[in-house]
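Okay, model.txt now, which holds compact mmCIF, N, CA and C atoms:
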```txt
# COMPACT_ATOMS: atom_id res chain seq x y z
N MET A 263 -12.44 4.44 18.36
CA MET A 263 -13.10 3.17 18.57
C MET A 263 -12.83 2.73 20.01
N TRP A 264 -13.72 1.87 20.46
CA TRP A 264 -13.64 1.40 21.84
C TRP A 264 -13.92 -0.10 21.89
N TYR A 265 -13.60 -0.67 23.05
CA TYR A 265 -13.82 -2.10 23.25
C TYR A 265 -14.48 -2.28 24.61
N PHE A 266 -15.58 -3.05 24.61
CA PHE A 266 -16.27 -3.31 25.87
C PHE A 266 -16.97 -4.65 25.80
N ASN A 267 -16.75 -5.45 26.82
CA ASN A 267 -17.47 -6.70 26.98
C ASN A 267 -17.41 -7.59 25.73
N GLY A 268 -16.22 -7.68 25.15
CA GLY A 268 -16.03 -8.54 23.98
C GLY A 268 -16.52 -7.95 22.68
N GLN A 269 -16.88 -6.69 22.68
CA GLN A 269 -17.39 -6.05 21.47
C GLN A 269 -16.55 -4.85 21.08
N ILE A 270 -16.38 -4.70 19.79
CA ILE A 270 -15.73 -3.52 19.25
C ILE A 270 -16.83 -2.50 18.98
N ILE A 271 -16.64 -1.30 19.51
CA ILE A 271 -17.60 -0.22 19.30
C ILE A 271 -16.94 0.77 18.35
N ARG A 272 -17.44 0.82 17.12
CA ARG A 272 -16.81 1.64 16.08
C ARG A 272 -17.26 3.09 16.10
N ASN A 273 -18.47 3.36 16.58
CA ASN A 273 -19.01 4.72 16.64
C ASN A 273 -19.66 4.94 18.00
N ALA A 274 -19.58 6.18 18.48
CA ALA A 274 -20.24 6.52 19.74
C ALA A 274 -21.73 6.24 19.61
N LYS A 275 -22.28 5.61 20.63
CA LYS A 275 -23.70 5.26 20.61
C LYS A 275 -24.21 5.18 22.04
N THR A 276 -25.51 5.14 22.17
CA THR A 276 -26.11 4.92 23.48
C THR A 276 -25.79 3.49 23.90
N ILE A 277 -25.41 3.34 25.16
CA ILE A 277 -25.01 2.01 25.64
C ILE A 277 -25.62 1.78 27.03
N THR A 278 -26.02 0.53 27.27
CA THR A 278 -26.57 0.16 28.57
C THR A 278 -25.57 -0.76 29.27
N ILE A 279 -25.21 -0.36 30.51
CA ILE A 279 -24.29 -1.14 31.32
C ILE A 279 -24.89 -1.29 32.70
N ASP A 280 -25.04 -2.54 33.15
CA ASP A 280 -25.63 -2.83 34.47
C ASP A 280 -26.96 -2.09 34.64
N SER A 281 -27.81 -2.20 33.67
CA SER A 281 -29.16 -1.62 33.67
C SER A 281 -29.18 -0.08 33.64
N LEU A 282 -28.02 0.53 33.50
CA LEU A 282 -27.96 1.99 33.39
C LEU A 282 -27.67 2.36 31.94
N ARG A 283 -28.41 3.31 31.46
CA ARG A 283 -28.28 3.73 30.06
C ARG A 283 -27.43 5.00 29.99
N TYR A 284 -26.41 4.97 29.12
CA TYR A 284 -25.52 6.10 28.93
C TYR A 284 -25.67 6.60 27.49
N GLY A 285 -25.82 7.90 27.34
CA GLY A 285 -25.92 8.50 26.01
C GLY A 285 -24.59 8.46 25.30
N ARG A 286 -24.62 8.72 24.03
CA ARG A 286 -23.41 8.64 23.22
C ARG A 286 -22.33 9.61 23.68
N GLU A 287 -22.70 10.66 24.40
CA GLU A 287 -21.72 11.63 24.88
C GLU A 287 -20.77 11.04 25.93
N VAL A 288 -21.13 9.88 26.49
CA VAL A 288 -20.24 9.22 27.45
C VAL A 288 -18.89 8.92 26.78
N PHE A 289 -18.89 8.75 25.46
CA PHE A 289 -17.65 8.41 24.75
C PHE A 289 -16.69 9.60 24.64
N LEU A 290 -17.14 10.77 25.09
CA LEU A 290 -16.28 11.95 25.12
C LEU A 290 -15.58 12.10 26.47
N ASP A 291 -15.97 11.30 27.44
CA ASP A 291 -15.45 11.41 28.80
C ASP A 291 -14.55 10.21 29.10
N SER A 292 -13.24 10.41 28.94
CA SER A 292 -12.30 9.27 29.10
C SER A 292 -12.30 8.71 30.51
N SER A 293 -12.47 9.55 31.52
CA SER A 293 -12.46 9.02 32.89
C SER A 293 -13.71 8.17 33.15
N LYS A 294 -14.85 8.56 32.61
CA LYS A 294 -16.08 7.78 32.77
C LYS A 294 -15.96 6.45 32.01
N LEU A 295 -15.35 6.51 30.83
CA LEU A 295 -15.14 5.27 30.06
C LEU A 295 -14.28 4.29 30.86
N LYS A 296 -13.22 4.81 31.46
CA LYS A 296 -12.34 3.96 32.25
C LYS A 296 -13.10 3.36 33.44
N GLU A 297 -13.90 4.18 34.09
CA GLU A 297 -14.71 3.74 35.23
C GLU A 297 -15.68 2.62 34.81
N LEU A 298 -16.22 2.72 33.60
CA LEU A 298 -17.18 1.73 33.11
C LEU A 298 -16.50 0.49 32.53
N GLY A 299 -15.18 0.55 32.36
CA GLY A 299 -14.46 -0.59 31.80
C GLY A 299 -14.44 -0.59 30.27
N ILE A 300 -14.71 0.55 29.69
CA ILE A 300 -14.65 0.69 28.23
C ILE A 300 -13.26 1.18 27.87
N LYS A 301 -12.53 0.39 27.08
CA LYS A 301 -11.16 0.72 26.74
C LYS A 301 -11.07 1.28 25.32
N PRO A 302 -10.08 2.14 25.08
CA PRO A 302 -9.84 2.56 23.70
C PRO A 302 -9.41 1.36 22.86
N TYR A 303 -9.75 1.39 21.60
CA TYR A 303 -9.46 0.27 20.72
C TYR A 303 -8.84 0.80 19.43
N ARG A 304 -7.83 0.09 18.95
CA ARG A 304 -7.25 0.40 17.63
C ARG A 304 -6.93 -0.89 16.91
N GLU A 305 -6.84 -0.78 15.60
CA GLU A 305 -6.55 -1.96 14.78
C GLU A 305 -5.26 -1.76 14.01
N ILE A 306 -4.56 -2.86 13.87
CA ILE A 306 -3.35 -2.90 13.05
C ILE A 306 -3.67 -3.80 11.85
N ARG A 307 -3.59 -3.19 10.68
CA ARG A 307 -3.91 -3.92 9.45
C ARG A 307 -2.64 -4.10 8.61
N PRO A 308 -2.57 -5.18 7.86
CA PRO A 308 -1.39 -5.39 7.02
C PRO A 308 -1.35 -4.39 5.86
N ASP A 309 -0.16 -4.18 5.34
CA ASP A 309 0.02 -3.32 4.18
C ASP A 309 -0.60 -4.04 2.98
N THR A 310 -1.69 -3.51 2.47
CA THR A 310 -2.45 -4.19 1.43
C THR A 310 -1.73 -4.22 0.08
N ARG A 311 -0.62 -3.53 -0.04
CA ARG A 311 0.17 -3.65 -1.27
C ARG A 311 0.79 -5.04 -1.37
N TYR A 312 1.08 -5.65 -0.20
CA TYR A 312 1.82 -6.91 -0.19
C TYR A 312 1.08 -8.06 0.49
N PHE A 313 0.07 -7.73 1.30
CA PHE A 313 -0.59 -8.75 2.09
C PHE A 313 -2.10 -8.64 2.01
N LYS A 314 -2.74 -9.79 2.15
CA LYS A 314 -4.18 -9.85 2.33
C LYS A 314 -4.43 -9.86 3.83
N GLN A 315 -5.62 -9.48 4.21
CA GLN A 315 -5.98 -9.42 5.62
C GLN A 315 -6.49 -10.78 6.09
N GLY A 316 -5.85 -11.29 7.13
CA GLY A 316 -6.26 -12.57 7.70
C GLY A 316 -7.14 -12.39 8.92
N GLN A 317 -7.10 -13.38 9.77
CA GLN A 317 -7.94 -13.40 10.97
C GLN A 317 -7.53 -12.33 11.97
N LEU A 318 -8.52 -11.77 12.64
CA LEU A 318 -8.31 -10.74 13.66
C LEU A 318 -8.03 -11.39 15.00
N SER A 319 -6.95 -10.97 15.65
CA SER A 319 -6.69 -11.39 17.03
C SER A 319 -6.70 -10.13 17.90
N ILE A 320 -7.27 -10.26 19.08
CA ILE A 320 -7.46 -9.11 19.94
C ILE A 320 -6.69 -9.29 21.24
N ASN A 321 -5.90 -8.28 21.59
CA ASN A 321 -5.13 -8.28 22.82
C ASN A 321 -5.78 -7.27 23.76
N THR A 322 -6.36 -7.76 24.84
CA THR A 322 -7.07 -6.90 25.80
C THR A 322 -6.25 -6.64 27.07
N SER A 323 -4.99 -7.03 27.08
CA SER A 323 -4.21 -7.02 28.32
C SER A 323 -3.80 -5.63 28.81
N GLY A 324 -3.73 -4.64 27.95
CA GLY A 324 -3.26 -3.33 28.38
C GLY A 324 -4.38 -2.34 28.60
N ASP A 325 -3.99 -1.08 28.75
CA ASP A 325 -4.97 -0.01 28.91
C ASP A 325 -5.71 0.27 27.60
N GLU A 326 -5.12 -0.17 26.51
CA GLU A 326 -5.71 -0.04 25.19
C GLU A 326 -5.85 -1.44 24.59
N VAL A 327 -6.97 -1.69 23.95
CA VAL A 327 -7.18 -2.98 23.28
C VAL A 327 -6.68 -2.83 21.85
N VAL A 328 -5.89 -3.82 21.41
CA VAL A 328 -5.33 -3.77 20.07
C VAL A 328 -5.79 -4.99 19.28
N GLY A 329 -6.43 -4.73 18.16
CA GLY A 329 -6.83 -5.79 17.24
C GLY A 329 -5.83 -5.85 16.11
N THR A 330 -5.26 -7.03 15.89
CA THR A 330 -4.24 -7.18 14.85
C THR A 330 -4.71 -8.23 13.85
N TYR A 331 -4.74 -7.82 12.59
CA TYR A 331 -5.09 -8.76 11.52
C TYR A 331 -3.85 -9.50 11.07
N ALA A 332 -3.98 -10.81 10.90
CA ALA A 332 -2.88 -11.62 10.39
C ALA A 332 -2.58 -11.20 8.96
N GLN A 333 -1.30 -11.30 8.61
CA GLN A 333 -0.87 -10.97 7.25
C GLN A 333 -0.79 -12.24 6.42
N ILE A 334 -1.47 -12.23 5.29
CA ILE A 334 -1.39 -13.35 4.36
C ILE A 334 -0.71 -12.82 3.10
N GLY A 335 0.50 -13.28 2.86
CA GLY A 335 1.29 -12.76 1.74
C GLY A 335 0.61 -12.99 0.40
N LYS A 336 0.64 -11.96 -0.42
CA LYS A 336 0.13 -12.08 -1.78
C LYS A 336 1.12 -12.88 -2.61
N ASP A 337 0.67 -13.38 -3.73
CA ASP A 337 1.51 -14.16 -4.63
C ASP A 337 2.62 -13.27 -5.20
N THR A 338 3.87 -13.65 -4.99
CA THR A 338 4.99 -12.82 -5.46
C THR A 338 5.00 -12.71 -6.98
N ASN A 339 4.55 -13.74 -7.68
CA ASN A 339 4.50 -13.65 -9.14
C ASN A 339 3.53 -12.56 -9.59
N ASP A 340 2.40 -12.46 -8.91
CA ASP A 340 1.43 -11.40 -9.24
C ASP A 340 2.01 -10.03 -8.93
N LEU A 341 2.72 -9.92 -7.81
CA LEU A 341 3.31 -8.63 -7.43
C LEU A 341 4.39 -8.19 -8.42
N THR A 342 5.26 -9.13 -8.79
CA THR A 342 6.32 -8.76 -9.73
C THR A 342 5.75 -8.48 -11.12
N LYS A 343 4.72 -9.20 -11.50
CA LYS A 343 4.08 -8.94 -12.79
C LYS A 343 3.52 -7.51 -12.82
N SER A 344 2.91 -7.09 -11.74
CA SER A 344 2.38 -5.74 -11.63
C SER A 344 3.51 -4.71 -11.68
N MET A 345 4.60 -4.99 -10.99
CA MET A 345 5.75 -4.07 -11.00
C MET A 345 6.34 -3.95 -12.40
N LEU A 346 6.46 -5.08 -13.10
CA LEU A 346 7.00 -5.06 -14.46
C LEU A 346 6.09 -4.26 -15.39
N GLY A 347 4.79 -4.41 -15.20
CA GLY A 347 3.83 -3.63 -16.00
C GLY A 347 3.99 -2.14 -15.75
N LEU A 348 4.23 -1.78 -14.50
CA LEU A 348 4.40 -0.37 -14.16
C LEU A 348 5.66 0.23 -14.79
N ILE A 349 6.78 -0.49 -14.71
CA ILE A 349 8.00 0.08 -15.30
C ILE A 349 7.91 0.13 -16.82
N LYS A 350 7.20 -0.81 -17.42
CA LYS A 350 6.97 -0.78 -18.87
C LYS A 350 6.14 0.45 -19.24
N LYS A 351 5.12 0.73 -18.43
CA LYS A 351 4.27 1.90 -18.66
C LYS A 351 5.08 3.19 -18.50
N GLN A 352 5.95 3.23 -17.51
CA GLN A 352 6.79 4.41 -17.30
C GLN A 352 7.75 4.62 -18.48
N LEU A 353 8.34 3.53 -18.97
CA LEU A 353 9.23 3.61 -20.13
C LEU A 353 8.47 4.14 -21.34
N THR A 354 7.32 3.57 -21.59
CA THR A 354 6.50 3.98 -22.73
C THR A 354 6.15 5.46 -22.63
N SER A 355 5.80 5.90 -21.44
CA SER A 355 5.44 7.31 -21.23
C SER A 355 6.62 8.23 -21.54
N LYS A 356 7.81 7.86 -21.10
CA LYS A 356 8.99 8.70 -21.34
C LYS A 356 9.40 8.69 -22.81
N LEU A 357 9.17 7.57 -23.48
CA LEU A 357 9.55 7.48 -24.89
C LEU A 357 8.56 8.19 -25.82
N THR A 358 7.39 8.46 -25.32
CA THR A 358 6.37 9.12 -26.13
C THR A 358 6.87 10.44 -26.71
N ASP A 359 7.66 11.16 -25.94
CA ASP A 359 8.16 12.46 -26.39
C ASP A 359 9.19 12.35 -27.51
N THR A 360 9.83 11.20 -27.65
CA THR A 360 10.89 11.06 -28.66
C THR A 360 10.55 10.08 -29.78
N ASP A 361 9.45 9.39 -29.68
CA ASP A 361 9.10 8.40 -30.70
C ASP A 361 8.99 9.00 -32.10
N TRP A 362 8.57 10.23 -32.17
CA TRP A 362 8.37 10.82 -33.49
C TRP A 362 9.68 10.91 -34.28
N TYR A 363 10.83 11.01 -33.59
CA TYR A 363 12.12 11.03 -34.29
C TYR A 363 12.33 9.73 -35.06
N TYR A 364 11.94 8.63 -34.43
CA TYR A 364 12.13 7.32 -35.07
C TYR A 364 11.12 7.11 -36.20
N LEU A 365 9.94 7.61 -36.04
CA LEU A 365 8.94 7.53 -37.12
C LEU A 365 9.40 8.38 -38.31
N ARG A 366 9.93 9.53 -38.00
CA ARG A 366 10.43 10.40 -39.08
C ARG A 366 11.57 9.71 -39.82
N LYS A 367 12.44 9.03 -39.09
CA LYS A 367 13.56 8.32 -39.74
C LYS A 367 13.03 7.23 -40.67
N LEU A 368 12.01 6.50 -40.22
CA LEU A 368 11.42 5.46 -41.07
C LEU A 368 10.80 6.03 -42.33
N ARG A 369 10.15 7.19 -42.20
CA ARG A 369 9.43 7.77 -43.34
C ARG A 369 10.33 8.57 -44.26
N THR A 370 11.29 9.28 -43.70
CA THR A 370 12.08 10.20 -44.53
C THR A 370 13.56 9.87 -44.59
N GLY A 371 14.04 9.02 -43.68
CA GLY A 371 15.45 8.69 -43.64
C GLY A 371 16.28 9.68 -42.84
N THR A 372 15.64 10.69 -42.24
CA THR A 372 16.35 11.68 -41.44
C THR A 372 16.89 11.03 -40.18
N ASP A 373 18.18 11.24 -39.92
CA ASP A 373 18.80 10.64 -38.74
C ASP A 373 18.20 11.15 -37.44
N VAL A 374 18.19 10.28 -36.45
CA VAL A 374 17.76 10.64 -35.11
C VAL A 374 18.94 11.37 -34.46
N PRO A 375 18.72 12.55 -33.87
CA PRO A 375 19.82 13.27 -33.21
C PRO A 375 20.50 12.38 -32.15
N SER A 376 21.80 12.55 -32.02
CA SER A 376 22.56 11.68 -31.11
C SER A 376 22.10 11.81 -29.66
N GLU A 377 21.73 13.03 -29.22
CA GLU A 377 21.28 13.18 -27.83
C GLU A 377 19.95 12.46 -27.60
N ILE A 378 19.11 12.38 -28.61
CA ILE A 378 17.85 11.64 -28.50
C ILE A 378 18.14 10.14 -28.47
N GLN A 379 19.06 9.70 -29.30
CA GLN A 379 19.45 8.29 -29.32
C GLN A 379 20.06 7.89 -27.98
N ASP A 380 20.92 8.74 -27.43
CA ASP A 380 21.55 8.47 -26.14
C ASP A 380 20.50 8.38 -25.03
N TYR A 381 19.55 9.31 -25.05
CA TYR A 381 18.46 9.33 -24.07
C TYR A 381 17.65 8.04 -24.16
N SER A 382 17.28 7.68 -25.36
CA SER A 382 16.49 6.47 -25.58
C SER A 382 17.27 5.23 -25.13
N ASP A 383 18.55 5.17 -25.48
CA ASP A 383 19.38 4.04 -25.07
C ASP A 383 19.48 3.94 -23.55
N ALA A 384 19.61 5.10 -22.90
CA ALA A 384 19.70 5.12 -21.42
C ALA A 384 18.41 4.61 -20.80
N LEU A 385 17.27 5.04 -21.35
CA LEU A 385 15.98 4.57 -20.84
C LEU A 385 15.84 3.06 -20.99
N TYR A 386 16.18 2.54 -22.15
CA TYR A 386 16.08 1.09 -22.36
C TYR A 386 17.05 0.32 -21.47
N SER A 387 18.24 0.88 -21.26
CA SER A 387 19.21 0.22 -20.38
C SER A 387 18.69 0.16 -18.94
N GLU A 388 18.16 1.29 -18.48
CA GLU A 388 17.61 1.32 -17.12
C GLU A 388 16.42 0.37 -17.01
N TYR A 389 15.58 0.34 -18.03
CA TYR A 389 14.44 -0.57 -18.04
C TYR A 389 14.91 -2.02 -17.94
N ASP A 390 15.91 -2.38 -18.73
CA ASP A 390 16.43 -3.75 -18.71
C ASP A 390 17.01 -4.11 -17.34
N THR A 391 17.69 -3.16 -16.70
CA THR A 391 18.26 -3.40 -15.37
C THR A 391 17.15 -3.64 -14.35
N LYS A 392 16.15 -2.75 -14.36
CA LYS A 392 15.04 -2.88 -13.41
C LYS A 392 14.25 -4.16 -13.68
N LYS A 393 14.04 -4.50 -14.93
CA LYS A 393 13.32 -5.71 -15.29
C LYS A 393 14.04 -6.95 -14.74
N ALA A 394 15.37 -6.97 -14.86
CA ALA A 394 16.15 -8.10 -14.34
C ALA A 394 16.07 -8.17 -12.82
N GLU A 395 16.17 -7.01 -12.16
CA GLU A 395 16.10 -6.97 -10.69
C GLU A 395 14.74 -7.48 -10.21
N ILE A 396 13.68 -6.98 -10.83
CA ILE A 396 12.32 -7.37 -10.41
C ILE A 396 12.06 -8.83 -10.71
N SER A 397 12.48 -9.30 -11.86
CA SER A 397 12.24 -10.69 -12.24
C SER A 397 12.93 -11.67 -11.30
N ALA A 398 14.00 -11.25 -10.65
CA ALA A 398 14.74 -12.13 -9.74
C ALA A 398 14.10 -12.21 -8.35
N MET A 399 13.12 -11.38 -8.08
CA MET A 399 12.51 -11.35 -6.75
C MET A 399 11.53 -12.50 -6.56
N ASN A 400 11.65 -13.18 -5.41
CA ASN A 400 10.73 -14.27 -5.12
C ASN A 400 10.24 -14.26 -3.66
N LYS A 401 10.53 -13.14 -2.97
CA LYS A 401 10.08 -12.99 -1.58
C LYS A 401 9.43 -11.62 -1.42
N ILE A 402 8.41 -11.57 -0.60
CA ILE A 402 7.72 -10.31 -0.35
C ILE A 402 8.69 -9.30 0.26
N SER A 403 9.59 -9.74 1.13
CA SER A 403 10.54 -8.81 1.76
C SER A 403 11.42 -8.13 0.70
N GLN A 404 11.78 -8.84 -0.35
CA GLN A 404 12.57 -8.25 -1.43
C GLN A 404 11.76 -7.20 -2.18
N ILE A 405 10.50 -7.50 -2.41
CA ILE A 405 9.62 -6.56 -3.13
C ILE A 405 9.39 -5.31 -2.29
N GLU A 406 9.13 -5.49 -0.99
CA GLU A 406 8.93 -4.35 -0.09
C GLU A 406 10.17 -3.45 -0.09
N GLU A 407 11.34 -4.05 0.06
CA GLU A 407 12.58 -3.27 0.10
C GLU A 407 12.77 -2.52 -1.21
N TYR A 408 12.56 -3.17 -2.32
CA TYR A 408 12.76 -2.56 -3.63
C TYR A 408 11.80 -1.39 -3.84
N GLU A 409 10.54 -1.59 -3.51
CA GLU A 409 9.55 -0.52 -3.73
C GLU A 409 9.72 0.65 -2.77
N ASN A 410 10.32 0.42 -1.63
CA ASN A 410 10.51 1.50 -0.65
C ASN A 410 11.90 2.13 -0.72
N ARG A 411 12.70 1.65 -1.65
CA ARG A 411 14.06 2.18 -1.86
C ARG A 411 13.98 3.46 -2.69
N ALA A 412 14.85 4.40 -2.40
CA ALA A 412 14.93 5.61 -3.24
C ALA A 412 15.56 5.22 -4.57
N HIS A 413 14.91 5.57 -5.66
CA HIS A 413 15.45 5.25 -7.00
C HIS A 413 15.88 6.52 -7.69
```

Please go through the file and, once you have read it, give me the structure as structure tokens.
Amino acid sequence: MWYFNGQIIRNAKTITIDSLRYGREVFLDSSKLKELGIKPYREIRPDTRYFKQGQLSINTSGDEVVGTYAQIGKDTNDLTKSMLGLIKKQLTSKLTDTDWYYLRKLRTGTDVPSEIQDYSDALYSEYDTKKAEISAMNKISQIEEYENRAH
């Protein structure tokens, strides 16, 4: 992308400057672009997992023009609700392989093997720990750190 005369140029195109017409191939020639005053352009967008995109501000002071969108924080309650839903889904998925032991116990009275019970207990314990950690979060920075942490 490029920036010229207050405009963002997203795709190479024919352009007229000072009554002279330049074909789209001019965008392949960096020295000609510099001569014409056309600068490279890039955008910085917020991480959409945590922020909505706000107003665009453009800095034209350097050799490259940088457009930066303001970050508007998403509602932390919505973010934590989504995180809680995800860990619940993960728990359910992991328990799917062992649920039949508990159904069998209900139907026939056959005991659940101790290693299956231990596994299930560990999953529920981890779920409860993560649920408490997530529920305590009330800042986007806490959510970002938690989601980017190695678990």

Next item on the list: Would you return as number ranges by chain the members of chain A that DSSP assigns to helix (DSSP H, G or I) on this structure's backbone?
Entry: A: 286-290, 292-298, 338-357, 361-370, 376-397, 402-410

Notebook entry, point to check: Between atom CA of Asn400 of chain A and atom CA of Tyr331 of chain A, what is the distance, to one decimal in Å?
Noted result: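 Those two atoms sit 23.6 Å apart.
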
Notebook entry, point to check: By how many Å are atom C of Thr310 of chain A and atom CA of Ser355 of chain A apart?
Noted result: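 Answer for the atom C of Thr310 of chain A to atom CA of Ser355 of chain A separation: 25.3 Å.
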
Notebook entry, point to check: Looking at only C-alpha atoms, which of A:Ser382, A:Arg369, A:Gly268, A:Ala274 is the one that sits closest to Asp291 of chain A?
Noted result: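 Counting only C-alpha atoms, the residue closest to Asp291 of chain A is A:Ala274.
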
Check: So what do you get for atom CA of Ala332 of chain A versus atom CA of Glu406 of chain A, distance-wise?
Finding: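 Rounded to one decimal, the two atoms are 17.4 Å apart.
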
Checklist line | Filtered DSSP result for segment 307-357 of chain A, state strand (DSSP E), as a list in words | finding: Phe313, Lys314, Gln315, Gly316, Gln317, Leu318, Ser319, Ile320, Asn321, Val327, Val328, Gly329, Thr330, Tyr331, Ala332, Gln333, Ile334 and Gly335 of chain A

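Distance annotation: of A:Tyr389, A:Tyr408, A:Tyr363, A:Tyr303, the residue with the minimal separation from Trp264 of chain A is A:Tyr303; atom set is only N, CA and C atoms.
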
Check: Of the candidates A:Lys401, A:Leu290, A:Gly324, A:Leu318, which shows the shortest atom-to-atom distance to Thr338 of chain A, using only N, CA and C atoms?
Finding: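 Counting only N, CA and C atoms, the residue closest to Thr338 of chain A is A:Lys401.
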
Checklist line | Exercise: Gly335 of chain A partners within 5 Å, all atoms listed in the file, chain neighbours under 2 positions left out, as a list in words | finding: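 Non-adjacent residues within range: Tyr312, Phe313, Lys314, Gln333 and Asp337 of chain A.
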
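Candidate residues A:Leu295, A:Ile378, A:Ile320, A:Ile396 were compared for distance to Ser344 of chain A, and the nearest is A:Ile396, using only C-alpha atoms.
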
Check: Nearest to Lys296 of chain A among A:Phe266, A:Leu353, A:Asp309, A:Asp280, with distances taken over only C-alpha atoms: which residue is it?
Finding: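 When distances to Lys296 of chain A are compared using only C-alpha atoms, the smallest one comes from A:Phe266.
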
Checklist line | Selected residue, from A:Asn321, A:Asp373, A:Asn339, A:Tyr381, that lies nearest to Met399 of chain A when counting only N, CA and C atoms | finding: A:Asn339

Take segment 358-406 of chain A from the block and save it with C-alpha atoms, as a compact mmCIF listing (two decimals), in the first residue's frame.
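New file part-v9.txt:
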```txt
# COMPACT_ATOMS: atom_id res chain seq x y z
CA THR A 358 -16.54 -37.78 26.69
CA ASP A 359 -14.07 -40.66 26.63
CA THR A 360 -14.81 -41.67 30.23
CA ASP A 361 -18.49 -40.81 30.67
CA TRP A 362 -19.55 -44.31 29.74
CA TYR A 363 -17.94 -45.65 32.96
CA TYR A 364 -20.31 -43.51 35.00
CA LEU A 365 -23.33 -44.49 32.91
CA ARG A 366 -22.40 -48.13 33.34
CA LYS A 367 -22.19 -47.62 37.11
CA LEU A 368 -25.68 -46.09 37.14
CA ARG A 369 -27.13 -48.94 35.08
CA THR A 370 -25.28 -51.95 36.45
CA GLY A 371 -23.60 -50.85 39.67
CA THR A 372 -20.13 -51.67 38.29
CA ASP A 373 -17.50 -49.53 39.99
CA VAL A 374 -15.62 -46.90 38.03
CA PRO A 375 -11.91 -47.87 37.88
CA SER A 376 -9.80 -45.78 40.26
CA GLU A 377 -7.53 -44.43 37.48
CA ILE A 378 -10.63 -43.18 35.61
CA GLN A 379 -11.99 -41.60 38.79
CA ASP A 380 -8.61 -39.96 39.47
CA TYR A 381 -8.46 -38.64 35.89
CA SER A 382 -11.98 -37.26 36.11
CA ASP A 383 -11.28 -35.68 39.51
CA ALA A 384 -8.11 -34.05 38.14
CA LEU A 385 -10.02 -32.62 35.17
CA TYR A 386 -12.73 -31.16 37.40
CA SER A 387 -10.13 -29.75 39.79
CA GLU A 388 -8.25 -28.06 36.95
CA TYR A 389 -11.54 -26.77 35.54
CA ASP A 390 -12.50 -25.28 38.92
CA THR A 391 -9.08 -23.61 39.23
CA LYS A 392 -9.25 -22.09 35.75
CA LYS A 393 -12.87 -21.03 36.28
CA ALA A 394 -11.89 -19.17 39.47
CA GLU A 395 -8.90 -17.51 37.77
CA ILE A 396 -10.96 -16.38 34.77
CA SER A 397 -13.90 -15.21 36.88
CA ALA A 398 -11.57 -12.93 38.86
CA MET A 399 -10.38 -11.09 35.74
CA ASN A 400 -11.72 -7.58 35.20
CA LYS A 401 -9.04 -6.00 32.97
CA ILE A 402 -8.16 -6.69 29.37
CA SER A 403 -4.45 -6.84 30.31
CA GLN A 404 -5.21 -9.73 32.68
CA ILE A 405 -7.13 -11.58 29.95
CA GLU A 406 -4.34 -11.01 27.40
```
